[in-house]
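Note: the block below is structure36.cif and it holds mmCIF, C-alpha atoms.
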data_target
#
loop_
_atom_site.label_atom_id
_atom_site.label_comp_id
_atom_site.auth_asym_id
_atom_site.auth_seq_id
_atom_site.Cartn_x
_atom_site.Cartn_y
_atom_site.Cartn_z
CA MET V 23 -29.99 -11.65 -21.45
CA THR V 24 -28.12 -14.86 -20.55
CA VAL V 25 -24.42 -15.05 -19.71
CA LEU V 26 -23.63 -16.67 -23.08
CA GLN V 27 -25.57 -13.97 -24.92
CA SER V 28 -23.70 -11.28 -22.98
CA ILE V 29 -20.34 -12.80 -23.84
CA SER V 30 -21.35 -13.09 -27.49
CA ARG V 31 -22.58 -9.48 -27.60
CA TYR V 32 -19.87 -7.72 -25.60
CA GLY V 33 -16.93 -10.09 -25.85
CA PRO V 34 -14.92 -7.99 -28.33
CA ALA V 35 -15.13 -4.98 -26.02
CA ILE V 36 -13.47 -6.72 -23.07
CA THR V 37 -9.75 -6.69 -23.80
CA ALA V 38 -7.00 -8.56 -21.99
CA SER V 39 -5.24 -5.31 -21.08
CA ASP V 40 -8.34 -3.93 -19.32
CA MET V 41 -8.77 -7.06 -17.24
CA THR V 42 -5.04 -7.40 -16.59
CA PHE V 43 -4.75 -3.92 -15.13
CA SER V 44 -7.99 -4.14 -13.14
CA VAL V 45 -6.95 -7.38 -11.46
CA GLY V 46 -3.17 -6.92 -11.53
CA PHE V 47 -3.10 -3.48 -9.90
CA LEU V 48 -5.31 -4.65 -7.05
CA ALA V 49 -3.06 -7.70 -6.60
CA TYR V 50 -0.02 -5.38 -6.46
CA ILE V 51 -1.70 -3.25 -3.78
CA CYS V 52 -2.58 -6.32 -1.71
CA ILE V 53 0.93 -7.78 -1.94
CA ALA V 54 2.52 -4.42 -1.09
CA ASN V 55 0.29 -4.05 1.97
CA PHE V 56 1.24 -7.52 3.21
CA VAL V 57 4.97 -7.44 2.39
CA THR V 58 5.99 -3.79 2.62
CA PHE V 59 3.58 -2.43 5.23
CA ASP V 60 3.07 -5.56 7.36
CA SER V 61 -0.69 -5.54 6.71
CA ASN V 62 -0.92 -2.07 8.29
CA LYS V 63 -0.63 -3.60 11.76
CA LEU V 64 1.20 -0.56 13.17
CA GLN V 65 -1.63 1.89 12.48
CA MET V 66 -4.26 -0.56 13.70
CA SER V 67 -2.38 -1.26 16.92
CA GLN V 68 -1.92 2.48 17.56
CA LEU V 69 -5.64 3.06 17.11
CA ALA V 70 -6.42 0.14 19.42
CA LYS V 71 -4.13 1.52 22.16
CA LYS V 72 -5.92 4.86 21.99
CA ASN V 73 -9.34 3.16 21.93
CA ILE V 74 -10.10 4.77 18.57
CA ALA V 75 -12.42 2.85 16.28
CA PHE V 76 -11.23 2.55 12.69
CA GLU V 77 -13.76 4.32 10.44
CA PRO V 78 -12.94 3.76 6.74
CA MET V 79 -16.12 5.62 5.74
CA GLY V 80 -15.65 8.33 8.35
CA LYS V 81 -12.62 10.08 9.79
CA HIS V 82 -10.25 7.55 8.19
CA SER V 83 -11.73 7.88 4.70
CA LEU V 84 -10.16 9.55 1.64
CA GLY V 85 -8.09 12.58 2.58
CA ARG V 86 -8.04 11.62 6.27
CA GLY V 87 -11.78 12.16 6.53
CA LYS V 88 -11.69 15.75 5.36
CA PHE V 89 -14.03 15.35 2.39
CA ILE V 90 -16.71 12.84 3.34
CA VAL V 91 -18.50 15.29 5.66
CA GLU V 92 -18.56 18.09 3.11
CA LYS V 93 -21.76 18.60 1.11
CA SER V 94 -19.88 19.76 -1.98
CA PHE V 95 -17.81 16.55 -2.04
CA VAL V 96 -20.91 14.37 -1.62
CA ILE V 97 -22.51 16.11 -4.61
CA TYR V 98 -19.23 15.75 -6.55
CA PHE V 99 -19.09 12.04 -5.73
CA ILE V 100 -22.72 11.37 -6.66
CA CYS V 101 -22.42 13.27 -9.95
CA SER V 102 -19.25 11.36 -10.83
CA LYS V 103 -20.96 8.01 -10.27
CA ILE V 104 -23.97 9.02 -12.35
CA MET V 105 -21.76 10.22 -15.22
CA SER V 106 -19.15 7.45 -15.15
CA LEU V 107 -21.17 4.45 -13.95
CA LEU V 108 -24.97 4.72 -14.07
CA VAL V 109 -25.48 6.45 -17.43
CA PRO V 110 -22.78 4.40 -19.25
CA LEU V 111 -24.35 1.24 -17.85
CA LEU V 112 -27.71 2.26 -19.31
CA LEU V 113 -26.00 2.87 -22.66
CA VAL V 114 -24.48 -0.60 -22.59
CA ILE V 115 -27.82 -2.22 -21.76
CA ALA V 116 -30.11 -0.24 -24.05
CA GLY V 117 -27.80 1.35 -26.63
CA PRO V 118 -26.53 0.11 -30.00
CA LEU V 119 -23.78 -2.50 -30.00
CA ASP V 120 -21.15 -0.20 -31.52
CA ILE V 121 -21.64 2.25 -28.65
CA ALA V 122 -21.71 -0.47 -25.99
CA VAL V 123 -18.37 -1.84 -27.22
CA MET V 124 -16.79 1.60 -26.73
CA VAL V 125 -18.28 2.19 -23.28
CA ILE V 126 -17.52 -1.15 -21.60
CA PRO V 127 -13.73 -0.75 -21.00
CA SER V 128 -14.27 2.54 -19.14
CA LEU V 129 -17.14 0.99 -17.21
CA ILE V 130 -14.99 -1.98 -16.19
CA ASN V 131 -12.32 0.39 -14.88
CA VAL V 132 -14.85 2.33 -12.77
CA VAL V 133 -16.30 -0.86 -11.28
CA ALA V 134 -12.80 -2.27 -10.62
CA GLN V 135 -11.80 0.93 -8.81
CA ALA V 136 -14.92 0.79 -6.62
CA ILE V 137 -14.16 -2.83 -5.70
CA ALA V 138 -10.51 -2.00 -5.00
CA GLU V 139 -11.37 0.96 -2.76
CA GLN V 140 -13.74 -1.15 -0.67
CA SER V 141 -11.39 -4.12 -0.38
CA THR V 142 -8.37 -1.99 0.64
CA ALA V 143 -10.15 0.20 3.22
CA SER V 144 -7.95 -1.07 6.07
CA PHE V 145 -4.67 -0.87 4.14
CA HIS V 146 -1.80 1.56 4.72
CA ASP V 147 -2.53 5.17 3.70
CA VAL V 148 0.13 5.10 0.97
CA LEU V 149 -1.68 2.27 -0.76
CA ARG V 150 -5.17 3.63 -0.17
CA ILE V 151 -4.38 6.86 -1.99
CA LEU V 152 -2.57 4.93 -4.74
CA VAL V 153 -5.80 3.08 -5.58
CA PRO V 154 -7.80 6.05 -6.94
CA ILE V 155 -4.68 7.61 -8.46
CA GLY V 156 -3.70 4.37 -10.23
CA TYR V 157 -7.15 3.51 -11.57
CA SER V 158 -7.85 7.12 -12.56
CA SER V 159 -4.54 7.33 -14.44
CA HIS V 160 -5.23 4.12 -16.32
CA ARG V 161 -8.76 5.21 -17.17
CA LEU V 162 -7.69 8.66 -18.35
CA PHE V 163 -4.83 7.51 -20.59
CA GLY V 164 -6.57 4.33 -21.71
CA PRO V 165 -10.27 3.43 -21.86
CA VAL V 166 -11.89 6.86 -21.55
CA THR V 167 -9.59 8.52 -24.11
CA THR V 168 -10.21 5.66 -26.54
CA TRP V 169 -13.95 5.98 -25.92
CA ALA V 170 -13.91 9.72 -26.62
CA LEU V 171 -11.82 9.50 -29.80
CA ASN V 172 -13.73 6.51 -31.18
CA SER V 173 -17.06 8.19 -30.40
CA TRP V 174 -16.05 11.17 -32.50
CA SER V 175 -14.95 8.92 -35.39
CA LEU V 176 -18.17 6.91 -35.14
CA TRP V 177 -20.30 10.07 -35.11
CA LEU V 178 -18.58 11.36 -38.26
CA GLN V 179 -18.96 7.96 -39.91
CA LYS V 180 -22.69 7.86 -39.18
CA GLN V 181 -23.14 11.42 -40.39
CA GLU V 182 -21.26 10.87 -43.64
CA GLY V 183 -23.12 7.61 -44.21
CA GLY V 184 -26.48 9.37 -43.96
CA GLU V 185 -27.51 7.27 -40.96
CA PHE V 186 -28.84 10.25 -39.03
CA ALA V 187 -32.05 10.34 -41.03
CA SER V 188 -33.98 9.43 -37.89
CA ASN V 189 -33.85 11.78 -34.93
CA ARG V 190 -33.45 8.90 -32.49
CA SER V 191 -30.24 7.67 -34.12
CA TYR V 192 -28.81 11.19 -34.16
CA TYR V 193 -29.65 11.82 -30.51
CA VAL V 194 -28.25 8.49 -29.32
CA TYR V 195 -24.89 8.85 -31.05
CA THR V 196 -24.61 12.53 -30.16
CA PHE V 197 -25.42 11.76 -26.53
CA ASN V 198 -22.71 9.08 -26.50
CA LEU V 199 -20.23 11.57 -27.99
CA VAL V 200 -21.01 14.25 -25.39
CA LEU V 201 -20.93 11.72 -22.54
CA ALA V 202 -17.57 10.33 -23.65
CA TRP V 203 -15.89 13.75 -23.79
CA ALA V 204 -17.52 14.78 -20.51
CA ASN V 205 -16.02 11.67 -18.91
CA LEU V 206 -12.64 12.50 -20.41
CA ALA V 207 -12.74 16.05 -19.05
CA PHE V 208 -13.88 14.84 -15.64
CA ALA V 209 -11.22 12.11 -15.48
CA ALA V 210 -8.51 14.67 -16.27
CA TRP V 211 -9.75 17.12 -13.64
CA ASN V 212 -10.29 14.40 -11.03
CA LEU V 213 -6.72 13.14 -11.41
CA PHE V 214 -4.71 16.32 -11.95
CA GLY V 215 -6.90 18.77 -10.06
CA PHE V 216 -8.54 16.90 -7.20
CA LEU V 217 -6.53 13.77 -6.36
CA LEU V 218 -2.99 15.07 -6.93
CA LEU V 219 -3.37 18.68 -5.79
CA ARG V 220 -6.22 18.55 -3.29
CA VAL V 221 -6.14 15.08 -1.68
CA LEU V 222 -2.54 13.86 -1.87
CA PRO V 223 -0.99 16.79 0.12
CA LEU V 224 -3.15 15.83 3.11
CA TYR V 225 -1.04 12.69 3.53
CA PHE V 226 2.26 14.59 3.83
CA ASP V 227 3.83 15.38 7.19
CA ASN V 228 2.40 18.73 8.23
CA GLU V 229 5.59 19.79 10.00
CA GLU V 230 8.10 18.99 7.26
CA THR V 231 5.71 19.82 4.42
CA PRO V 232 3.33 22.51 5.72
CA ARG V 233 -0.13 22.31 4.21
CA ILE V 234 -1.52 25.22 2.27
CA GLU V 235 -4.92 26.27 3.54
CA MET V 236 -7.34 25.89 0.65
CA ALA V 237 -10.21 28.24 -0.08
CA TYR V 238 -12.47 25.50 -1.45
CA ILE V 239 -13.17 21.82 -0.80
CA LEU V 240 -12.86 20.67 -4.42
CA LEU V 241 -10.58 23.30 -5.96
CA PRO V 242 -6.82 23.44 -5.31
CA LEU V 243 -6.86 27.19 -4.78
CA PRO V 244 -5.21 28.62 -1.64
CA LYS V 245 -6.80 31.16 0.62
CA LYS V 246 -5.39 34.64 0.18
CA HIS V 247 -4.71 36.40 3.44
CA LYS V 248 -4.50 40.14 3.63
CA LYS V 249 -1.18 41.44 4.81
CA GLN V 250 -1.42 43.09 8.18
CA MET V 251 0.01 46.60 8.32
#

As structure tokens, please, write out the structure in this file.
Amino acid sequence: MTVLQSISRYGPAITASDMTFSVGFLAYICIANFVTFDSNKLQMSQLAKKNIAFEPMGKHSLGRGKFIVEKSFVIYFICSKIMSLLVPLLLVIAGPLDIAVMVIPSLINVVAQAIAEQSTASFHDVLRILVPIGYSSHRLFGPVTTWALNSWSLWLQKQEGGEFASNRSYYVYTFNLVLAWANLAFAAWNLFGFLLLRVLPLYFDNEETPRIEMAYILLPLPKKHKKQM
């Protein structure tokens, strides 16, 4: 498929608001890092004085490196990319146009977040954690919710129009419906359960805001200690 054919096929799905947020939020993060946090020079100089190599995909990754070494997080991360990136991409390429149009805005948001996370790896911690929170919030309350609601309306429309005579058509539109709502549920959990309650507290000062010891890597559930008699 040529570029012109792609634009002709998917053009209506790519809205100005989706592109504006994807580009504008990253621009905001970059400007804030340069103006407000002096390009994160303080942290980098402190690491250099201590002869500590900066490892954005290691001990300086999301959550101060707490998650990247955990098997459960790696599985969580891989599953999220399959559900929110790989499978939707296959739907866009091989699925009907009316489904592709619904999927693309969410897909753009996921790709934009991945680009933003990689391009801001050396930024101040405040901005690095804002990237997944910002893009996840926009996706949850924008593209993925629209995708889920429109998928349900489309499914009902196809059913009432008698267009599910063939099993293939029924399975494709039902699969899209299930995938859309699964993405919505995951986006809600990822934002409100994982990012805000599990990851964000790791960036607070441990003396002034003592951290609660969690029982699980992915769940914001504290360990329960037995009272000593």

Selection near segment 56-65 of chain V, 8 Å with only C-alpha atoms, sequence-local residues under 3 positions removed, as an MDAnalysis selection string: chainID V and resid 52:53 68:69 144:146

Can you write out the residues you just picked, keeping C-alpha atoms, as a PDB file, in the coordinates of the input?
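Output (selection_7.pdb):
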ATOM      1  CA  CYS V  52      -2.580  -6.320  -1.710  1.00  0.00           C
ATOM      2  CA  ILE V  53       0.930  -7.780  -1.940  1.00  0.00           C
ATOM      3  CA  GLN V  68      -1.920   2.480  17.560  1.00  0.00           C
ATOM      4  CA  LEU V  69      -5.640   3.060  17.110  1.00  0.00           C
ATOM      5  CA  SER V 144      -7.950  -1.070   6.070  1.00  0.00           C
ATOM      6  CA  PHE V 145      -4.670  -0.870   4.140  1.00  0.00           C
ATOM      7  CA  HIS V 146      -1.800   1.560   4.720  1.00  0.00           C
TER       8      HIS V 146
END

Test item: residues at most 8 Å from segment 133-141 of chain V, all atoms listed in the file, excluding those fewer than 6 positions along its chain, as a ChimeraX atom specification: /V:44-45,48,107,150,153-154,157

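Going from atom CA of Val194 of chain V over to atom CA of Pro165 of chain V, you cover 20.1 Å.
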
Nearest to Ser159 of chain V by atom-to-atom distance, counting only C-alpha atoms, from V:Asn55, V:Asn73, V:Ser128, V:Asn198: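 When distances to Ser159 of chain V are compared using only C-alpha atoms, the smallest one comes from V:Ser128.
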
Expansion of the PyMOL selection byres ((chain V and resi 119-127) around 9) into residues, as a PyMOL selection string: chain V and resi 31-37+40-41+110-111+113-118+128-132+161+164-166+168-170+172-173+176+195+198+202

Using 3 Å of padding on each side, determine the axis-aligned box around all atoms of segment 46-62 of chain V present in the file and give its centre and edge lengths in Å to one decimal, as AutoDock Vina command-line options.
--center_x 0.3 --center_y -4.9 --center_z -1.6 --size_x 17.3 --size_y 11.7 --size_z 25.8

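Rounded to one decimal, atom CA of Gly87 of chain V and atom CA of Ala237 of chain V lie 17.5 Å from each other.
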